[in-house]
Amino acid sequence: MLKLLDKISPTECPKLLHRVVDGLCGRNQPKRLEYGETWSLLEWGELISSLTYFFRVAVGRKCSDQEIKELLGDLESAHSGAVLQCVHARQEEIRQALVDRTYRICSTQLDDFNWQLKLALSSDKLSSLNTPLLNLSLDLTEDGIQKAVNIEMNKEELNTLITTLEAANKVVLQMK
Amino acid sequence: MEEVDRILIHSLRQAGTDIQEDVQSVKQFTSELIVQAVVRCVRVIDPALGSGLSPMLPPGMSARFRVGMSLAQACQDLGYKGEIGYQTFLYSNEPEIRSLLMFLVEKLPRESAEVSDQPAGKSALLQKAIAAQIKAQLALPWLPPSCRLPLQRKTQSPGPCHSFHAQPLSLPYSLKVPAKKQSKEVKDYWREYLLPVTSQPSQAASVPASLLENHVSELSAAQEWENEWNNQGLLSRLTPEDYRSRKRMRMQKRIEEQLRAAAQPRPDSHNATRSTSDLSELLNSFAGATTGGDVLTKGTRFTHSEKFTFTQEPEKAAQQMAAAASALPSSHQSEEDLKVQQEAEISALQQQLQQLSVQMEEVGGDIRQLTVSIHQVSDELKQREVLNLEQENTVMVKKQTINLLPDAENNLIKLQSLVEASSKRVVHLATQWEKHRAPLIDEHRRLKELCSNREMESSRKLSEIKELHDRIRQCAEEAKKKESLYKQLITEYETLPKDVCRSAYTMRILEIVGNIKKQKEEITKILSDTKELQKEINSLTGKLDRTFAVTDELVFKDAKKDESVRKSYKYLAALHENCSQLIQTIEDTGSIMREIRDLEEQIETENGKKTVSNLEKILEDYKAIRQENSALAAKIREG
């Protein structure tokens, strides 16, 4: 499928490759609108997935230049040179992305978290409450489905959470 | 007195008393004002005591009297020593009121002086800021969303609703490799294809989040490394690179152990040779495992076994399914038949599965046995080989001795000479060795000592470095604390009321002190003057007495002889008497003058006490009370 890459001119090629690597690292994939005339929808999908797969394999197995060339097969030399250069330039980034993927060995993963500290000045029964509240929002991925979890905690609950997390951190430190 | 009054009025205003602008001195205070000022002060000084007092003077006379009594009681409870009663408030005179107010103002707590020393008032500051903000926002009118200006949009819109999403960023620098040493490809990428950081994330809203995340992760990594390096790295006496590589090795070993323990509960002995390559291969298989099956082609024992247990079964099952499906007459079969068939199939498959697993276990056991036996056999082989070698050696020696046997004597002599020569050589070598050894040992000792010295020094320096680190951290913390305190004090200073002109007060105080000094000097001057005068008077009276006595004696002696002298003696006595009378009179006049002055002063103070007006007031109040009383009595009679 990498042969489809020959349809694009060698000068345009590195840009596409870098955008594909961006997609691999968790940012925007290249947009098909820009390349709509070069490839059909089916070809586009195949090209992108095979390129992504190729990058993963090339960096993940720490392939030498020779091995990469073998993986690329009978691609035009200008294109294969561009691919090689891209792999060299982005090696560290791709490796980091792969390491991040490897971390995700649990069914539920934490993508992002955010917190807001709120001060409840009064309630419906008390005129001056002055209780700090923490609003913790977690973005989770559970079996590939994203969902958001919001928790509101007062001081004691937050302390419990923090001590639990510290205990977990201690276990991690002991592993080191 | 004006200065004092101004300060008093200012403090009373701060305590919450509502004093009009045109009231300039204590003389102008009305009874209502006095009561209000005293109640406010008492409330500030002691809230529990002041809560029972009302700042307003009631219209009823008896009620007024009661208010005056309770106020006087409260002031005495606070520790006022002067004369005080209901009359102080109702029929006021200036000096009493002034001294009472001065006492109360001195008792007012000086909160600002105490608070400014502590930086801990953060929560109070925060609450003040919140209150100010809310007040400001409440003051703004609500506007429909389309009419809002940017300022109002900030406070009146429901706030940012997008959540915090971070994405990894690609930045043209690296912590690990300095920019100059980066390879050409990386530099080309940075120059030609790297997007600006604002257009890297898929949504513009996640740019700040991503940047923050990036920064925080780098910062925490750096901090953690620094912490670890300071705590453990320095003590290990390695360079950072060595420490890192050693740690990596340790981690790899641990992970390997864990993985192996998880993959095979009973580790086999022959596996040890392959275990070093295990981890990298395992990582490889993780890297691309999700998308491609062919990544698993070169797997480890772990992946193999995994494949064996998990992939092979479905494959076989699928094959059988296909076979079963082809065997089925496809279309006209009732659902029940299908179900029954499927169940049968399932049970058959399960049976097969069990069989296969049993088979597998058997085969595994066989393999294990075989590997154990192989090991044993190889051990035996090695032992045999060793034995063989030994025997060959003995055979060789024996062969040589047999060869030497025919010419035994000659050979014996030769052998003896050889032995002697070799023993001599040994002795020679030993002496030579001793010669070499002594300096070498000395050198060794010296070096050892040097080494231990260095070690001691390095450990000393290490502890010094640690101490320095601690000190740096402490200093930084202290500096931070001081800075925050400074900021807080500055804000506090800005918020302080500016109407108190401190410098003017201090100037005035200094002036007053100077005046007092001057007055004191004058008083001492006058005192010394008076003393001198007294002395002069004393000496003069003494002189007069003595002169009179001498004259009296002389004249008295002559008086017996001469008539005219007797007359003059009489005159002298009369003169003396008259003079002493005169002096007496002058003294009396002085004391009377003093008394007059005292009385005048008393009159003045009495006049200052507004006695007449107060008396009139008292009379009026007395009449009012009588009226009230009679009204009450009438009411009682009516009731």
# chains A, B, ... in the order shown; residues from 1 in each chain; ligands from 1
$ residues_around --residues "segment 7-20 of chain A" --least-positions-apart "5" --cutoff "7 Å" --atoms "only C-alpha atoms" --output "list in words"
Gln29, Pro30, Thr38, Thr52, Ala78, His79, Ala82 and Cys86 of chain A; Tyr193 of chain B
$ atom_distance --atom1 "atom CA of Trp229 of chain B" --atom2 "atom CA of Arg248 of chain B"
14.5 Å
$ closest_residue --among "A:Leu41, A:Val87, A:Ile94, A:Leu138" --to "Trp115 of chain A" --atoms "only C-alpha atoms"
A:Leu138
$ atom_distance --atom1 "atom CA of Asp100 of chain A" --atom2 "atom CA of Cys25 of chain A"
9.4 Å
